[in-house]
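Below is one structure; the comments refer to it alone.
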Amino acid sequence: MPMPDLSSRHALLSERIQAACKAAQREPNSVELLAVSKTKPPGLITEAVALGMTQFGENYLQEAVEKIQHLEQLSLAWHFIGRIQSNKCKTIANAFSWVQTLDRSKVAQRLNQFRTVAEPLNVLIQVNLDDDPNKGGVDKQNAEHLLEQVLALPNLAPRGLMTILAKSTDSRVGYQSVAQLHDDLYKKYASDLPQWDTLSMGMSADIEAAINAGATMIRVGTDLFGARTI
């Protein structure tokens, strides 16, 4: 049985998502929860699965691979959400079903080169809206250029955009800006984008603003699993 703390946190989070969807006049099932499970042990992830969660995000490659292998009997979707080093692309390309932090042509080419799994690797282009040097991502102007490059790579499936806003950015304005970019790219490249359906934005502090702007996936760690214990 799941621990009460995890169950309670999940229930509160689900209520927030449902309330935000209702306020935005959206269906509750139009927003997926990505459980950010970095630093969390496999046992806690198993408890989350028992509560219905199937999408998990990991930042640290070695730790993630160990957990993915340990839990391979479960039907889970693993998302890489950390900065991507070129020398780690071979492992990332085959251990994960999603990469949310694609921001360089070189990385896209290497992921495509090393992907040996039959299904293409789902990728999101990370947009750095604030030109924050501490974050990965391309600016809005270069997102289209990167998408064009990804479209030429058969082992990658571009699914949408991801962003992490700076704390100083107005989340309502920032998320609406990225959502507009998401729509604009689809209008221009619709014939080449059979599954341009994912807008990953919003974390614990700004779920409501993200959902109001059109987020289809929110990323939550501490508010779901609790603070780090190590």
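Residues are referred to by chain and number: the chain letter is A, B, ... according to the order shown in the structure tokens, the number counts from 1 in that chain, and ligands are numbered separately from 1 in the order shown.
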Once DSSP has gone over the backbone, tell me which residues of chain A are in strand (DSSP E or B), as a ChimeraX atom specification.
/A:32-36,55-58,77-80,98-102,121-127,138,156-163,198-200,217-220
At most 10 Å is the cut-off: for each residue in region 97-213 of chain A with any atom that close to an atom of region 61-83 of chain A, write down the nearest atom pair and the distance in Å rounded to one decimal, counting only C-alpha atoms, chain first then increasing number, as JSON lines.
```
{"residue": "A:Ser97", "atom": "CA", "partner": "A:Trp78", "partner_atom": "CA", "distance": 5.8}
{"residue": "A:Trp98", "atom": "CA", "partner": "A:His79", "partner_atom": "CA", "distance": 4.5}
{"residue": "A:Val99", "atom": "CA", "partner": "A:Phe80", "partner_atom": "CA", "distance": 4.8}
{"residue": "A:Gln100", "atom": "CA", "partner": "A:Ile81", "partner_atom": "CA", "distance": 5.3}
{"residue": "A:Thr101", "atom": "CA", "partner": "A:Ile81", "partner_atom": "CA", "distance": 5.7}
{"residue": "A:Leu102", "atom": "CA", "partner": "A:Arg83", "partner_atom": "CA", "distance": 8.4}
{"residue": "A:Asp103", "atom": "CA", "partner": "A:Arg83", "partner_atom": "CA", "distance": 9.1}
{"residue": "A:Asn122", "atom": "CA", "partner": "A:His79", "partner_atom": "CA", "distance": 9.1}
{"residue": "A:Val123", "atom": "CA", "partner": "A:His79", "partner_atom": "CA", "distance": 9.3}
{"residue": "A:Leu124", "atom": "CA", "partner": "A:Ile81", "partner_atom": "CA", "distance": 9.8}
{"residue": "A:Gln126", "atom": "CA", "partner": "A:Ile81", "partner_atom": "CA", "distance": 9.7}
{"residue": "A:Lys135", "atom": "CA", "partner": "A:Arg83", "partner_atom": "CA", "distance": 8.3}
{"residue": "A:Gly136", "atom": "CA", "partner": "A:Arg83", "partner_atom": "CA", "distance": 6.6}
{"residue": "A:Gly137", "atom": "CA", "partner": "A:Arg83", "partner_atom": "CA", "distance": 9.2}
{"residue": "A:Met162", "atom": "CA", "partner": "A:Ile81", "partner_atom": "CA", "distance": 9.5}
```
Considering only alpha helix (DSSP H) as DSSP defines it on the backbone, what residues of region 86-223 of chain A qualify? List them as a PyMOL selection string.
chain A and resi 89-95+105-114+140-151+171-189+207-213+222-223
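Neighbouring residues of Pro194 (chain A) at 10 Å or closer, counting only C-alpha atoms and skipping chain neighbours under 4 positions away, are A:Ala157, A:Pro158, A:Arg159, A:Tyr186, A:Tyr189, A:Ala190.
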Would you list the contacts of His145 (chain A) as a list in words, taking every protein, DNA or RNA residue within 12 Å and counting only C-alpha atoms, but skipping same-chain residues closer than 5 positions in sequence?
Asp103, Arg104, Ser105, Ile125, Val138, Asp139, Lys140, Val150, Leu151, Ala152, Leu185 and Tyr189 of chain A
Please identify all polymer residues within 12 Å of Ala179 (chain A), counting only C-alpha atoms, omitting same-chain residues fewer than 3 positions from it, and present them as number ranges by chain.
A: 127, 129, 140, 160-163, 171-176, 182-186, 197-202, 209-216
Would you output that residue set with N, CA, C and O atoms, as a CSV table (one decimal), in the first residue's frame?
```csv
chain,number,residue,atom,x,y,z
A,127,VAL,N,12.7,25.7,-24.5
A,127,VAL,CA,12.8,27.1,-24.8
A,127,VAL,C,13.3,27.9,-23.6
A,127,VAL,O,12.7,27.8,-22.5
A,129,LEU,N,13.1,31.2,-22.4
A,129,LEU,CA,12.4,32.4,-22.7
A,129,LEU,C,13.1,33.6,-22.2
A,129,LEU,O,13.1,34.7,-22.7
A,140,LYS,N,13.4,31.9,-28.5
A,140,LYS,CA,12.2,31.7,-29.3
A,140,LYS,C,12.6,31.8,-30.8
A,140,LYS,O,12.0,31.0,-31.6
A,160,GLY,N,6.7,18.6,-29.0
A,160,GLY,CA,6.3,19.9,-28.5
A,160,GLY,C,7.4,20.7,-27.9
A,160,GLY,O,8.6,20.5,-28.2
A,161,LEU,N,7.0,21.5,-26.9
A,161,LEU,CA,8.0,22.4,-26.3
A,161,LEU,C,8.0,22.2,-24.8
A,161,LEU,O,7.0,21.8,-24.2
A,162,MET,N,9.1,22.6,-24.2
A,162,MET,CA,9.3,22.6,-22.7
A,162,MET,C,9.9,23.9,-22.3
A,162,MET,O,10.8,24.4,-23.0
A,163,THR,N,9.6,24.4,-21.1
A,163,THR,CA,10.3,25.6,-20.6
A,163,THR,C,10.3,25.6,-19.1
A,163,THR,O,9.5,25.0,-18.4
A,171,SER,N,4.8,34.5,-14.6
A,171,SER,CA,4.5,33.2,-15.2
A,171,SER,C,3.3,33.2,-16.1
A,171,SER,O,3.3,32.5,-17.1
A,172,ARG,N,2.4,34.1,-15.9
A,172,ARG,CA,1.2,34.2,-16.8
A,172,ARG,C,1.7,34.6,-18.2
A,172,ARG,O,1.3,34.0,-19.2
A,173,VAL,N,2.5,35.7,-18.2
A,173,VAL,CA,2.9,36.2,-19.5
A,173,VAL,C,3.9,35.2,-20.2
A,173,VAL,O,3.8,34.9,-21.4
A,174,GLY,N,4.8,34.7,-19.4
A,174,GLY,CA,5.8,33.8,-19.9
A,174,GLY,C,5.2,32.5,-20.5
A,174,GLY,O,5.6,32.1,-21.7
A,175,TYR,N,4.3,31.9,-19.8
A,175,TYR,CA,3.7,30.6,-20.3
A,175,TYR,C,2.9,30.9,-21.5
A,175,TYR,O,2.8,30.1,-22.4
A,176,GLN,N,2.2,32.0,-21.5
A,176,GLN,CA,1.3,32.3,-22.7
A,176,GLN,C,2.2,32.5,-23.9
A,176,GLN,O,1.8,32.2,-25.0
A,182,HIS,N,4.3,27.5,-29.5
A,182,HIS,CA,3.9,26.1,-29.7
A,182,HIS,C,2.8,26.1,-30.8
A,182,HIS,O,2.9,25.3,-31.8
A,183,ASP,N,1.8,27.0,-30.7
A,183,ASP,CA,0.8,27.0,-31.7
A,183,ASP,C,1.3,27.5,-33.1
A,183,ASP,O,0.9,26.9,-34.1
A,184,ASP,N,2.1,28.5,-33.1
A,184,ASP,CA,2.7,29.0,-34.3
A,184,ASP,C,3.5,28.0,-35.1
A,184,ASP,O,3.4,27.9,-36.3
A,185,LEU,N,4.3,27.2,-34.4
A,185,LEU,CA,5.1,26.2,-35.0
A,185,LEU,C,4.2,25.1,-35.6
A,185,LEU,O,4.5,24.6,-36.7
A,186,TYR,N,3.2,24.8,-34.9
A,186,TYR,CA,2.3,23.7,-35.4
A,186,TYR,C,1.6,24.2,-36.7
A,186,TYR,O,1.5,23.5,-37.7
A,197,ASP,N,1.8,17.6,-29.7
A,197,ASP,CA,0.7,17.6,-28.7
A,197,ASP,C,1.1,17.9,-27.3
A,197,ASP,O,0.3,17.8,-26.4
A,198,THR,N,2.4,18.2,-27.0
A,198,THR,CA,2.9,18.3,-25.7
A,198,THR,C,3.5,19.7,-25.4
A,198,THR,O,4.3,20.2,-26.1
A,199,LEU,N,3.0,20.3,-24.3
A,199,LEU,CA,3.5,21.6,-23.8
A,199,LEU,C,3.9,21.4,-22.3
A,199,LEU,O,3.0,21.4,-21.5
A,200,SER,N,5.1,21.1,-22.1
A,200,SER,CA,5.6,20.8,-20.7
A,200,SER,C,6.1,22.1,-20.0
A,200,SER,O,7.1,22.6,-20.3
A,201,MET,N,5.2,22.6,-19.1
A,201,MET,CA,5.6,23.8,-18.4
A,201,MET,C,4.7,23.9,-17.1
A,201,MET,O,3.6,23.5,-17.1
A,202,GLY,N,5.4,24.5,-16.1
A,202,GLY,CA,4.7,24.6,-14.9
A,202,GLY,C,5.2,23.6,-13.8
A,202,GLY,O,5.4,22.4,-14.2
A,209,ALA,N,-1.0,29.0,-13.4
A,209,ALA,CA,-0.7,29.8,-14.5
A,209,ALA,C,-0.4,29.0,-15.8
A,209,ALA,O,-0.7,29.3,-16.9
A,210,ALA,N,0.3,27.9,-15.6
A,210,ALA,CA,0.7,27.0,-16.7
A,210,ALA,C,-0.5,26.4,-17.3
A,210,ALA,O,-0.6,26.4,-18.5
A,211,ILE,N,-1.4,25.9,-16.5
A,211,ILE,CA,-2.6,25.2,-17.0
A,211,ILE,C,-3.5,26.2,-17.7
A,211,ILE,O,-4.0,25.9,-18.8
A,212,ASN,N,-3.6,27.4,-17.2
A,212,ASN,CA,-4.4,28.4,-17.8
A,212,ASN,C,-3.8,28.8,-19.2
A,212,ASN,O,-4.6,29.1,-20.1
A,213,ALA,N,-2.5,28.7,-19.3
A,213,ALA,CA,-1.9,29.1,-20.6
A,213,ALA,C,-2.0,27.9,-21.6
A,213,ALA,O,-1.7,28.2,-22.8
A,214,GLY,N,-2.3,26.7,-21.2
A,214,GLY,CA,-2.4,25.6,-22.1
A,214,GLY,C,-1.4,24.5,-21.9
A,214,GLY,O,-1.3,23.6,-22.7
A,215,ALA,N,-0.7,24.4,-20.8
A,215,ALA,CA,0.2,23.3,-20.5
A,215,ALA,C,-0.5,22.0,-20.6
A,215,ALA,O,-1.7,21.8,-20.1
A,216,THR,N,0.1,21.0,-21.2
A,216,THR,CA,-0.5,19.6,-21.2
A,216,THR,C,0.3,18.7,-20.2
A,216,THR,O,-0.2,17.6,-20.0
```
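CA of Lys188 (chain A) is found 10.8 Å from CA of Glu148 (chain A).
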Closest contacts (region 182-229 of chain A/region 20-44 of chain A, max 6 Å, only C-alpha atoms) as a Markdown table:
```
| residue | atom | partner | partner_atom | distance |
| --- | --- | --- | --- | --- |
| A:Glu208 | CA | A:Ala20 | CA | 5.2 |
| A:Asn212 | CA | A:Ala24 | CA | 5.1 |
| A:Thr216 | CA | A:Val31 | CA | 4.4 |
| A:Met217 | CA | A:Glu32 | CA | 4.6 |
| A:Ile218 | CA | A:Leu33 | CA | 5.4 |
| A:Arg219 | CA | A:Leu34 | CA | 4.8 |
| A:Val220 | CA | A:Ala35 | CA | 5.5 |
| A:Gly221 | CA | A:Val36 | CA | 4.4 |
```
